[in-house]
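Text of the file query33.cif, holding mmCIF, C-alpha atoms:
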data_protein
loop_
_atom_site.group_PDB
_atom_site.id
_atom_site.type_symbol
_atom_site.label_atom_id
_atom_site.label_comp_id
_atom_site.auth_asym_id
_atom_site.auth_seq_id
_atom_site.Cartn_x
_atom_site.Cartn_y
_atom_site.Cartn_z
ATOM 1 C CA MET A 308 -1.518 26.928 -17.370
ATOM 2 C CA THR A 309 -4.111 28.715 -15.294
ATOM 3 C CA SER A 310 -4.971 27.614 -11.765
ATOM 4 C CA GLY A 311 -8.272 26.214 -13.004
ATOM 5 C CA LEU A 312 -6.555 23.944 -15.507
ATOM 6 C CA TRP A 313 -4.027 22.796 -12.907
ATOM 7 C CA GLU A 314 -6.953 21.956 -10.630
ATOM 8 C CA LEU A 315 -8.413 19.833 -13.419
ATOM 9 C CA VAL A 316 -5.116 17.975 -13.769
ATOM 10 C CA LEU A 317 -4.879 17.409 -10.011
ATOM 11 C CA GLN A 318 -8.412 16.049 -9.997
ATOM 12 C CA GLY A 319 -7.301 13.611 -12.674
ATOM 13 C CA VAL A 320 -4.315 12.583 -10.538
ATOM 14 C CA TRP A 321 -6.655 11.925 -7.609
ATOM 15 C CA VAL A 322 -8.965 9.775 -9.759
ATOM 16 C CA THR A 323 -5.954 7.832 -11.083
ATOM 17 C CA ILE A 324 -4.696 7.194 -7.546
ATOM 18 C CA GLN A 325 -8.138 6.033 -6.401
ATOM 19 C CA LEU A 326 -8.397 3.678 -9.342
ATOM 20 C CA LEU A 327 -4.856 2.411 -8.783
ATOM 21 C CA VAL A 328 -5.491 1.646 -5.101
ATOM 22 C CA LEU A 329 -8.832 -0.086 -5.668
ATOM 23 C CA SER A 330 -7.708 -2.145 -8.644
ATOM 24 C CA THR A 331 -4.471 -3.084 -6.835
ATOM 25 C CA LEU A 332 -6.422 -4.399 -3.852
ATOM 26 C CA LEU A 333 -8.659 -6.461 -6.126
ATOM 27 C CA ALA A 334 -5.723 -7.702 -8.215
ATOM 28 C CA ALA A 335 -3.781 -8.684 -5.079
ATOM 29 C CA ALA A 336 -6.734 -10.660 -3.701
ATOM 30 C CA VAL A 337 -7.273 -12.396 -7.036
ATOM 31 C CA SER A 338 -3.540 -13.094 -7.398
ATOM 32 C CA PHE A 339 -3.259 -14.914 -4.096
ATOM 33 C CA VAL A 340 -6.545 -16.816 -4.354
ATOM 34 C CA VAL A 341 -5.953 -17.994 -7.912
ATOM 35 C CA GLY A 342 -2.200 -18.477 -7.438
ATOM 36 C CA VAL A 343 -2.710 -20.698 -4.398
ATOM 37 C CA ALA A 344 -5.499 -22.547 -6.216
ATOM 38 C CA ARG A 345 -3.075 -23.345 -9.027
ATOM 39 C CA THR A 346 -0.946 -25.298 -6.561
ATOM 40 C CA HIS A 347 -3.916 -27.178 -5.068
ATOM 41 C CA ARG A 348 -3.812 -30.953 -4.876
ATOM 42 C CA LEU A 349 -7.212 -31.333 -6.618
ATOM 43 C CA TRP A 350 -6.980 -31.221 -10.392
ATOM 44 C CA ILE A 351 -10.375 -29.548 -10.828
ATOM 45 C CA VAL A 352 -9.280 -26.609 -8.665
ATOM 46 C CA ARG A 353 -6.047 -26.284 -10.642
ATOM 47 C CA PHE A 354 -7.978 -26.518 -13.905
ATOM 48 C CA LEU A 355 -10.481 -23.794 -12.996
ATOM 49 C CA ALA A 356 -7.733 -21.496 -11.732
ATOM 50 C CA GLY A 357 -5.667 -22.128 -14.849
ATOM 51 C CA PHE A 358 -8.682 -21.515 -17.091
ATOM 52 C CA TYR A 359 -9.328 -18.162 -15.447
ATOM 53 C CA THR A 360 -5.677 -17.208 -15.809
ATOM 54 C CA GLU A 361 -5.501 -18.095 -19.492
ATOM 55 C CA VAL A 362 -8.753 -16.272 -20.309
ATOM 56 C CA PHE A 363 -7.823 -13.002 -18.637
ATOM 57 C CA ARG A 364 -4.175 -13.071 -19.750
ATOM 58 C CA GLY A 365 -5.278 -13.726 -23.304
ATOM 59 C CA THR A 366 -7.749 -10.840 -23.570
ATOM 60 C CA SER A 367 -7.131 -7.131 -23.973
ATOM 61 C CA ALA A 368 -7.499 -4.981 -20.865
ATOM 62 C CA LEU A 369 -9.032 -2.255 -23.031
ATOM 63 C CA ILE A 370 -11.667 -4.593 -24.468
ATOM 64 C CA MET A 371 -12.337 -5.944 -20.959
ATOM 65 C CA ILE A 372 -13.087 -2.404 -19.801
ATOM 66 C CA PHE A 373 -15.477 -1.985 -22.732
ATOM 67 C CA TRP A 374 -17.105 -5.343 -21.953
ATOM 68 C CA VAL A 375 -17.644 -4.614 -18.262
ATOM 69 C CA PHE A 376 -18.921 -1.085 -18.885
ATOM 70 C CA PHE A 377 -21.060 -1.627 -21.993
ATOM 71 C CA VAL A 378 -21.857 -5.355 -22.302
ATOM 72 C CA LEU A 379 -22.364 -6.308 -18.660
ATOM 73 C CA PRO A 380 -25.386 -3.991 -18.222
ATOM 74 C CA ILE A 381 -27.047 -5.417 -21.342
ATOM 75 C CA THR A 382 -26.337 -9.039 -20.438
ATOM 76 C CA PHE A 383 -26.988 -9.038 -16.690
ATOM 77 C CA GLY A 384 -28.663 -5.716 -16.023
ATOM 78 C CA TRP A 385 -25.834 -4.482 -13.773
ATOM 79 C CA GLN A 386 -24.866 -0.924 -14.588
ATOM 80 C CA LEU A 387 -21.606 -0.027 -12.882
ATOM 81 C CA VAL A 388 -20.297 3.489 -12.495
ATOM 82 C CA PRO A 389 -17.059 4.055 -14.444
ATOM 83 C CA LEU A 390 -14.831 3.793 -11.349
ATOM 84 C CA TRP A 391 -16.156 0.369 -10.329
ATOM 85 C CA ALA A 392 -16.300 -0.909 -13.894
ATOM 86 C CA ALA A 393 -12.663 0.073 -14.442
ATOM 87 C CA THR A 394 -11.637 -1.375 -11.076
ATOM 88 C CA LEU A 395 -13.291 -4.694 -11.880
ATOM 89 C CA ALA A 396 -11.801 -4.928 -15.371
ATOM 90 C CA LEU A 397 -8.271 -3.941 -14.371
ATOM 91 C CA GLY A 398 -8.276 -5.923 -11.123
ATOM 92 C CA LEU A 399 -9.363 -9.151 -12.799
ATOM 93 C CA THR A 400 -6.997 -8.687 -15.734
ATOM 94 C CA TYR A 401 -3.855 -7.869 -13.767
ATOM 95 C CA GLY A 402 -4.827 -10.362 -11.076
ATOM 96 C CA ALA A 403 -4.413 -13.091 -13.692
ATOM 97 C CA TYR A 404 -0.805 -12.011 -14.253
ATOM 98 C CA GLY A 405 -0.246 -11.760 -10.518
ATOM 99 C CA SER A 406 -1.537 -15.287 -9.954
ATOM 100 C CA GLU A 407 1.365 -16.630 -12.014
ATOM 101 C CA ILE A 408 3.787 -14.720 -9.796
ATOM 102 C CA VAL A 409 2.229 -16.294 -6.701
ATOM 103 C CA ARG A 410 2.205 -19.773 -8.228
ATOM 104 C CA GLY A 411 5.831 -19.528 -9.300
ATOM 105 C CA ALA A 412 7.001 -18.251 -5.916
ATOM 106 C CA LEU A 413 5.157 -21.006 -4.038
ATOM 107 C CA ASN A 414 6.571 -23.694 -6.302
ATOM 108 C CA ALA A 415 10.069 -22.254 -5.825
ATOM 109 C CA VAL A 416 10.053 -22.897 -2.064
ATOM 110 C CA ASP A 417 12.452 -25.688 -1.109
ATOM 111 C CA PRO A 418 10.540 -29.012 -1.163
ATOM 112 C CA ALA A 419 12.214 -29.868 2.139
ATOM 113 C CA GLN A 420 10.168 -27.118 3.735
ATOM 114 C CA LYS A 421 6.922 -28.683 2.533
ATOM 115 C CA GLU A 422 8.038 -32.126 3.629
ATOM 116 C CA GLY A 423 8.950 -30.746 7.046
ATOM 117 C CA GLY A 424 5.449 -29.366 7.440
ATOM 118 C CA ILE A 425 3.943 -32.701 6.477
ATOM 119 C CA ALA A 426 6.227 -34.504 8.939
ATOM 120 C CA LEU A 427 4.981 -32.168 11.662
ATOM 121 C CA SER A 428 1.358 -33.054 10.772
ATOM 122 C CA PHE A 429 0.552 -29.518 9.662
ATOM 123 C CA THR A 430 -2.673 -29.083 7.708
ATOM 124 C CA PRO A 431 -2.371 -27.670 4.162
ATOM 125 C CA TRP A 432 -3.548 -24.284 5.453
ATOM 126 C CA GLN A 433 -0.946 -24.324 8.239
ATOM 127 C CA ARG A 434 1.815 -25.254 5.782
ATOM 128 C CA LEU A 435 0.753 -22.425 3.519
ATOM 129 C CA ARG A 436 0.420 -19.817 6.252
ATOM 130 C CA LEU A 437 3.367 -20.738 8.452
ATOM 131 C CA ILE A 438 5.956 -22.144 6.045
ATOM 132 C CA LEU A 439 5.312 -21.405 2.368
ATOM 133 C CA LEU A 440 4.023 -17.832 2.314
ATOM 134 C CA PRO A 441 6.658 -16.373 4.697
ATOM 135 C CA GLN A 442 9.343 -17.577 2.272
ATOM 136 C CA ALA A 443 7.491 -17.018 -0.989
ATOM 137 C CA VAL A 444 6.107 -13.515 -0.403
ATOM 138 C CA PRO A 445 9.515 -11.723 -0.326
ATOM 139 C CA GLU A 446 10.338 -13.312 -3.688
ATOM 140 C CA MET A 447 7.049 -12.026 -5.120
ATOM 141 C CA ILE A 448 7.802 -8.364 -4.390
ATOM 142 C CA PRO A 449 10.103 -7.544 -7.383
ATOM 143 C CA PRO A 450 7.733 -8.955 -10.037
ATOM 144 C CA PHE A 451 4.748 -7.492 -8.183
ATOM 145 C CA SER A 452 6.517 -4.117 -8.269
ATOM 146 C CA ASN A 453 6.777 -4.348 -12.056
ATOM 147 C CA LEU A 454 3.150 -5.420 -12.290
ATOM 148 C CA LEU A 455 2.074 -2.491 -10.119
ATOM 149 C CA VAL A 456 3.796 -0.044 -12.456
ATOM 150 C CA GLU A 457 2.126 -1.730 -15.425
ATOM 151 C CA LEU A 458 -1.214 -1.389 -13.645
ATOM 152 C CA LEU A 459 -0.539 2.307 -13.089
ATOM 153 C CA LYS A 460 0.048 2.772 -16.799
ATOM 154 C CA GLY A 461 -3.002 0.633 -17.546
ATOM 155 C CA THR A 462 -5.225 3.061 -15.660
ATOM 156 C CA ALA A 463 -4.880 5.443 -18.610
ATOM 157 C CA LEU A 464 -7.108 3.080 -20.588
ATOM 158 C CA VAL A 465 -10.164 4.152 -18.582
ATOM 159 C CA SER A 466 -10.199 7.513 -20.347
ATOM 160 C CA VAL A 467 -11.980 5.766 -23.239
ATOM 161 C CA ILE A 468 -15.148 5.408 -21.109
ATOM 162 C CA GLY A 469 -15.079 9.075 -20.129
ATOM 163 C CA MET A 470 -13.573 8.594 -16.687
ATOM 164 C CA GLY A 471 -11.788 11.738 -15.527
ATOM 165 C CA ASP A 472 -8.392 10.212 -14.805
ATOM 166 C CA LEU A 473 -5.025 11.853 -15.439
ATOM 167 C CA ALA A 474 -4.951 10.937 -19.133
ATOM 168 C CA PHE A 475 -8.507 12.208 -19.687
ATOM 169 C CA SER A 476 -7.860 15.439 -17.797
ATOM 170 C CA GLY A 477 -4.607 15.997 -19.646
ATOM 171 C CA ASN A 478 -6.405 15.660 -22.966
ATOM 172 C CA LEU A 479 -9.048 18.195 -21.898
ATOM 173 C CA VAL A 480 -6.321 20.667 -20.982
ATOM 174 C CA ARG A 481 -4.588 20.017 -24.310
ATOM 175 C CA LEU A 482 -7.807 20.799 -26.182
ATOM 176 C CA ALA A 483 -8.271 23.981 -24.170
ATOM 177 C CA LEU A 484 -4.730 25.274 -24.698
ATOM 178 C CA GLN A 485 -3.859 23.624 -28.025
ATOM 179 C CA GLU A 486 -0.437 22.787 -26.545
ATOM 180 C CA SER A 487 0.241 19.091 -26.965
ATOM 181 C CA ALA A 488 3.964 19.022 -26.176
ATOM 182 C CA GLU A 489 3.748 20.932 -22.902
ATOM 183 C CA ILE A 490 0.669 19.166 -21.538
ATOM 184 C CA TYR A 491 1.701 15.624 -22.405
ATOM 185 C CA THR A 492 5.185 16.284 -20.997
ATOM 186 C CA TYR A 493 3.577 17.235 -17.690
ATOM 187 C CA VAL A 494 1.401 14.120 -17.818
ATOM 188 C CA LEU A 495 4.405 11.894 -18.509
ATOM 189 C CA LEU A 496 6.298 13.418 -15.599
ATOM 190 C CA ILE A 497 3.371 12.891 -13.232
ATOM 191 C CA TYR A 498 3.098 9.225 -14.213
ATOM 192 C CA PHE A 499 6.863 8.874 -13.755
ATOM 193 C CA VAL A 500 6.800 10.409 -10.271
ATOM 194 C CA ILE A 501 3.974 8.126 -9.153
ATOM 195 C CA ALA A 502 5.744 5.064 -10.606
ATOM 196 C CA PHE A 503 9.028 6.082 -8.959
ATOM 197 C CA LEU A 504 7.359 6.384 -5.557
ATOM 198 C CA LEU A 505 5.665 3.013 -6.019
ATOM 199 C CA THR A 506 8.905 1.222 -6.901
ATOM 200 C CA ARG A 507 10.754 2.807 -3.978
ATOM 201 C CA GLY A 508 8.002 1.780 -1.624
ATOM 202 C CA MET A 509 8.038 -1.780 -2.939
ATOM 203 C CA ARG A 510 11.824 -1.989 -2.557
ATOM 204 C CA GLY A 511 11.513 -0.897 1.049
ATOM 205 C CA LEU A 512 8.827 -3.520 1.618
ATOM 206 C CA GLU A 513 11.049 -6.164 0.011
ATOM 207 C CA ARG A 514 13.968 -5.325 2.308
ATOM 208 C CA LYS A 515 11.706 -5.435 5.344
ATOM 209 C CA LEU A 516 10.210 -8.809 4.429
ATOM 210 C CA LYS A 517 13.576 -10.344 3.602
ATOM 211 C CA ALA A 518 15.214 -9.058 6.775
ATOM 212 C CA GLY A 519 14.090 -11.970 8.936
ATOM 213 C CA VAL A 520 13.129 -14.722 6.490
ATOM 214 C CA GLY A 521 15.423 -16.708 4.261
ATOM 215 C CA THR A 522 18.283 -14.215 3.908
ATOM 216 C CA GLN A 523 21.088 -12.816 5.943
ATOM 217 C CA SER A 524 21.955 -9.144 6.049
ATOM 218 C CA GLY A 525 24.531 -9.655 3.312
ATOM 219 C CA GLY A 526 22.047 -11.414 1.040
ATOM 220 C CA ALA A 527 23.342 -14.979 1.504
ATOM 221 C CA ALA A 528 20.751 -17.699 1.849
ATOM 222 C CA ARG A 529 20.190 -19.246 5.232
ATOM 223 C CA ALA A 530 19.481 -22.882 5.828
ATOM 224 C CA PRO A 531 15.770 -23.652 5.508
ATOM 225 C CA GLU A 532 15.390 -25.529 8.800
ATOM 226 C CA PRO A 533 14.948 -22.476 11.046
ATOM 227 C CA VAL A 534 11.797 -21.493 9.116
ATOM 228 C CA VAL A 535 10.106 -24.777 9.969
ATOM 229 C CA ALA A 536 11.339 -24.549 13.542
ATOM 230 C CA GLU A 537 9.984 -21.049 13.834
ATOM 231 C CA ALA A 538 6.631 -22.263 12.474
ATOM 232 C CA VAL A 539 6.521 -24.942 15.164
ATOM 233 C CA ARG A 540 7.005 -22.322 17.864
#
Exercise: express the given structure as structure tokens:
Amino acid sequence: MTSGLWELVLQGVWVTIQLLVLSTLLAAAVSFVVGVARTHRLWIVRFLAGFYTEVFRGTSALIMIFWVFFVLPITFGWQLVPLWAATLALGLTYGAYGSEIVRGALNAVDPAQKEGGIALSFTPWQRLRLILLPQAVPEMIPPFSNLLVELLKGTALVSVIGMGDLAFSGNLVRLALQESAEIYTYVLLIYFVIAFLLTRGMRGLERKLKAGVGTQSGGAARAPEPVVAEAVR
């Protein structure tokens, strides 16, 4: 390929990375808000959070991108640029999957930990911040790592609205050179490299988070009491 075509591909990589970062931030925020809401003591909060989760898990991410980009302007008069439309659609969709990861990890915390927080007269927010999340977050990292890779691959869907991501740029280069095998092999390798770096980074984050909470260096579980004691201090 010529330098000009490589520049086009690199521009697509940059757009993909921007979209990945923005949609990941939105998905993470949605995951924690909705996931925590699904464990709330009020049934109406749990119902609304569950309704959101079922709606966005049960709809296609591709159709959601179409809806946000084409239907939203007609219905509400809000015309979003492709980057923000794609960020909103992907963030809300993958945030619904992430909320189940958060809910499951919170519910998996030893009930004795929750009871200890109640015995110490902690407010629900204090129990969540000081006792539940420090133990639940390390357990969320492996499934979140998988979800992040899925989100990376999902960014290729935005090419259907003309957004110049890696998939869109790769297709333009293919049309220019009429070389499908070579171009799409390069595109696959670029996606693989990005995914590999993401998974390695998430594994490092998992080791760091687990180093002081809930596990020993050899991986054996510690007794839960020190976590509550640490929260008291």
Residues within 8 Å of range 374-380 of chain A, please, as a VMD selection string. Count all atoms listed in the file; anything in the same chain fewer than 6 positions from it doesn't count.
chain A and resid 386 to 389 392 to 393 395 to 396 468
Padding 6 Å on each side, edges along x, y and z: where is the centre of the box around the listed atoms of range 458-466 of chain A, and how long are its edges in Å to one decimal? Output it as JSON.
{"center_x": -5.1, "center_y": 3.1, "center_z": -16.8, "size_x": 22.2, "size_y": 20.9, "size_z": 19.5}
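With distances restricted to all atoms listed in the file, A:Leu326 is the closest residue to Met470 in chain A from A:Ser367, A:Leu326, A:Thr360, A:Phe451.
Atom pair CA of Leu504 in chain A / CA of Ala336 in chain A has a distance of 22.2 Å (rounded to one decimal).
Counting all atoms listed in the file, the residue from A:Arg410, A:Ile372, A:Leu512, A:Gln325 that sits nearest to Arg353 in chain A is A:Arg410.
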Who sits within 9 Å of Val320 in chain A, all atoms listed in the file, same chain under 4 positions skipped, as a PyMOL selection string
chain A and resi 315-316+324-325+472-474+476+497-498
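What the PyMOL selection byres ((chain A and resi 444) around 9) picks from this file is A:Val409, A:Ala412, A:Leu413, A:Leu439, A:Leu440, A:Pro441, A:Gln442, A:Ala443, A:Pro445, A:Glu446, A:Met447, A:Ile448, A:Glu513, A:Leu516.
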May I ask for the distance between CA of Leu329 in chain A and CA of Thr394 in chain A, given in Å to one decimal place?
6.2 Å
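Closest approach to Val341 in chain A from the set A:Phe373, A:Trp385, A:Trp391, A:Tyr404 is made by A:Tyr404, with distances taken over all atoms listed in the file.
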So which residues touch Thr331 in chain A within 7 Å, counting only C-alpha atoms, skipping near sequence neighbours fewer than 4 positions away, as a list in words?
Leu327, Ala335 and Gly398 of chain A
Keeping C-alpha atoms for every residue in the selection just given, could you write it to a file as a PDB file, keeping the file's coordinate frame?
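Output below, filename part30.pdb:
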ATOM      1  CA  LEU A 327      -4.856   2.411  -8.783  1.00  0.00           C
ATOM      2  CA  ALA A 335      -3.781  -8.684  -5.079  1.00  0.00           C
ATOM      3  CA  GLY A 398      -8.276  -5.923 -11.123  1.00  0.00           C
TER       4      GLY A 398
END
For the file shown, what are the residues hit by the PyMOL selection byres ((chain A and resi 490) around 12), laid out as a PDB file with C-alpha atoms, in the coordinates of the input?
ATOM      1  CA  MET A 308      -1.518  26.928 -17.370  1.00  0.00           C
ATOM      2  CA  LEU A 312      -6.555  23.944 -15.507  1.00  0.00           C
ATOM      3  CA  TRP A 313      -4.027  22.796 -12.907  1.00  0.00           C
ATOM      4  CA  VAL A 316      -5.116  17.975 -13.769  1.00  0.00           C
ATOM      5  CA  LEU A 473      -5.025  11.853 -15.439  1.00  0.00           C
ATOM      6  CA  ALA A 474      -4.951  10.937 -19.133  1.00  0.00           C
ATOM      7  CA  PHE A 475      -8.507  12.208 -19.687  1.00  0.00           C
ATOM      8  CA  SER A 476      -7.860  15.439 -17.797  1.00  0.00           C
ATOM      9  CA  GLY A 477      -4.607  15.997 -19.646  1.00  0.00           C
ATOM     10  CA  ASN A 478      -6.405  15.660 -22.966  1.00  0.00           C
ATOM     11  CA  LEU A 479      -9.048  18.195 -21.898  1.00  0.00           C
ATOM     12  CA  VAL A 480      -6.321  20.667 -20.982  1.00  0.00           C
ATOM     13  CA  ARG A 481      -4.588  20.017 -24.310  1.00  0.00           C
ATOM     14  CA  LEU A 482      -7.807  20.799 -26.182  1.00  0.00           C
ATOM     15  CA  ALA A 483      -8.271  23.981 -24.170  1.00  0.00           C
ATOM     16  CA  LEU A 484      -4.730  25.274 -24.698  1.00  0.00           C
ATOM     17  CA  GLN A 485      -3.859  23.624 -28.025  1.00  0.00           C
ATOM     18  CA  GLU A 486      -0.437  22.787 -26.545  1.00  0.00           C
ATOM     19  CA  SER A 487       0.241  19.091 -26.965  1.00  0.00           C
ATOM     20  CA  ALA A 488       3.964  19.022 -26.176  1.00  0.00           C
ATOM     21  CA  GLU A 489       3.748  20.932 -22.902  1.00  0.00           C
ATOM     22  CA  TYR A 491       1.701  15.624 -22.405  1.00  0.00           C
ATOM     23  CA  THR A 492       5.185  16.284 -20.997  1.00  0.00           C
ATOM     24  CA  TYR A 493       3.577  17.235 -17.690  1.00  0.00           C
ATOM     25  CA  VAL A 494       1.401  14.120 -17.818  1.00  0.00           C
ATOM     26  CA  LEU A 495       4.405  11.894 -18.509  1.00  0.00           C
ATOM     27  CA  LEU A 496       6.298  13.418 -15.599  1.00  0.00           C
ATOM     28  CA  ILE A 497       3.371  12.891 -13.232  1.00  0.00           C
TER      29      ILE A 497
END
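As for CA of Val456 in chain A and CA of Phe499 in chain A, they are spaced 9.5 Å apart.
Across A:Thr430, A:Ser406, A:Thr506, A:Ser466, the tightest approach to Ser338 in chain A is made by A:Ser406 when counting only C-alpha atoms.
Remark: for Gly342 in chain A, the closest of the candidate residues A:Gln318, A:Asn414, A:Ser310, A:Thr400 is A:Asn414 (distances computed over only C-alpha atoms).
Against this structure, the PyMOL selection byres ((chain A and resi 364) around 10) ends up with Phe358, Tyr359, Thr360, Glu361, Val362, Phe363, Gly365, Thr366, Ser367, Ala368, Leu399, Thr400, Tyr401, Gly402, Ala403 and Tyr404 of chain A.
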May I have the selected residues written with C-alpha atoms, as an mmCIF file, in the frame of the given file?
data_model
loop_
_atom_site.group_PDB
_atom_site.id
_atom_site.type_symbol
_atom_site.label_atom_id
_atom_site.label_comp_id
_atom_site.auth_asym_id
_atom_site.auth_seq_id
_atom_site.Cartn_x
_atom_site.Cartn_y
_atom_site.Cartn_z
ATOM 1 C CA PHE A 358 -8.682 -21.515 -17.091
ATOM 2 C CA TYR A 359 -9.328 -18.162 -15.447
ATOM 3 C CA THR A 360 -5.677 -17.208 -15.809
ATOM 4 C CA GLU A 361 -5.501 -18.095 -19.492
ATOM 5 C CA VAL A 362 -8.753 -16.272 -20.309
ATOM 6 C CA PHE A 363 -7.823 -13.002 -18.637
ATOM 7 C CA GLY A 365 -5.278 -13.726 -23.304
ATOM 8 C CA THR A 366 -7.749 -10.840 -23.570
ATOM 9 C CA SER A 367 -7.131 -7.131 -23.973
ATOM 10 C CA ALA A 368 -7.499 -4.981 -20.865
ATOM 11 C CA LEU A 399 -9.363 -9.151 -12.799
ATOM 12 C CA THR A 400 -6.997 -8.687 -15.734
ATOM 13 C CA TYR A 401 -3.855 -7.869 -13.767
ATOM 14 C CA GLY A 402 -4.827 -10.362 -11.076
ATOM 15 C CA ALA A 403 -4.413 -13.091 -13.692
ATOM 16 C CA TYR A 404 -0.805 -12.011 -14.253
#
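Closest approach to Val343 in chain A among A:Arg514, A:Arg436, A:Lys460, A:Lys421: A:Arg436, based on all atoms listed in the file.
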Can you take the partial range 318-332 of chain A, add N, CA and C atoms, and return it as an mmCIF file, in the coordinates of the input?
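Output (rebuild-v4.cif):
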data_model
loop_
_atom_site.group_PDB
_atom_site.id
_atom_site.type_symbol
_atom_site.label_atom_id
_atom_site.label_comp_id
_atom_site.auth_asym_id
_atom_site.auth_seq_id
_atom_site.Cartn_x
_atom_site.Cartn_y
_atom_site.Cartn_z
ATOM 1 N N GLN A 318 -7.251 16.917 -10.159
ATOM 2 C CA GLN A 318 -8.412 16.049 -9.997
ATOM 3 C C GLN A 318 -8.210 14.735 -10.745
ATOM 4 N N GLY A 319 -7.606 14.825 -11.921
ATOM 5 C CA GLY A 319 -7.301 13.611 -12.674
ATOM 6 C C GLY A 319 -6.294 12.734 -11.958
ATOM 7 N N VAL A 320 -5.297 13.350 -11.319
ATOM 8 C CA VAL A 320 -4.315 12.583 -10.538
ATOM 9 C C VAL A 320 -5.021 11.852 -9.395
ATOM 10 N N TRP A 321 -5.931 12.539 -8.721
ATOM 11 C CA TRP A 321 -6.655 11.925 -7.609
ATOM 12 C C TRP A 321 -7.492 10.739 -8.081
ATOM 13 N N VAL A 322 -8.169 10.880 -9.218
ATOM 14 C CA VAL A 322 -8.965 9.775 -9.759
ATOM 15 C C VAL A 322 -8.054 8.602 -10.121
ATOM 16 N N THR A 323 -6.908 8.891 -10.724
ATOM 17 C CA THR A 323 -5.954 7.832 -11.083
ATOM 18 C C THR A 323 -5.471 7.088 -9.841
ATOM 19 N N ILE A 324 -5.167 7.822 -8.779
ATOM 20 C CA ILE A 324 -4.696 7.194 -7.546
ATOM 21 C C ILE A 324 -5.795 6.328 -6.930
ATOM 22 N N GLN A 325 -7.030 6.838 -6.910
ATOM 23 C CA GLN A 325 -8.138 6.033 -6.401
ATOM 24 C C GLN A 325 -8.281 4.731 -7.179
ATOM 25 N N LEU A 326 -8.259 4.858 -8.492
ATOM 26 C CA LEU A 326 -8.397 3.678 -9.342
ATOM 27 C C LEU A 326 -7.238 2.717 -9.133
ATOM 28 N N LEU A 327 -6.035 3.253 -8.992
ATOM 29 C CA LEU A 327 -4.856 2.411 -8.783
ATOM 30 C C LEU A 327 -4.976 1.634 -7.475
ATOM 31 N N VAL A 328 -5.377 2.307 -6.401
ATOM 32 C CA VAL A 328 -5.491 1.646 -5.101
ATOM 33 C C VAL A 328 -6.557 0.561 -5.130
ATOM 34 N N LEU A 329 -7.730 0.880 -5.661
ATOM 35 C CA LEU A 329 -8.832 -0.086 -5.668
ATOM 36 C C LEU A 329 -8.517 -1.289 -6.554
ATOM 37 N N SER A 330 -8.011 -1.039 -7.741
ATOM 38 C CA SER A 330 -7.708 -2.145 -8.644
ATOM 39 C C SER A 330 -6.526 -2.968 -8.138
ATOM 40 N N THR A 331 -5.587 -2.337 -7.429
ATOM 41 C CA THR A 331 -4.471 -3.084 -6.835
ATOM 42 C C THR A 331 -4.963 -4.019 -5.747
ATOM 43 N N LEU A 332 -5.864 -3.542 -4.905
ATOM 44 C CA LEU A 332 -6.422 -4.399 -3.852
ATOM 45 C C LEU A 332 -7.150 -5.600 -4.449
#
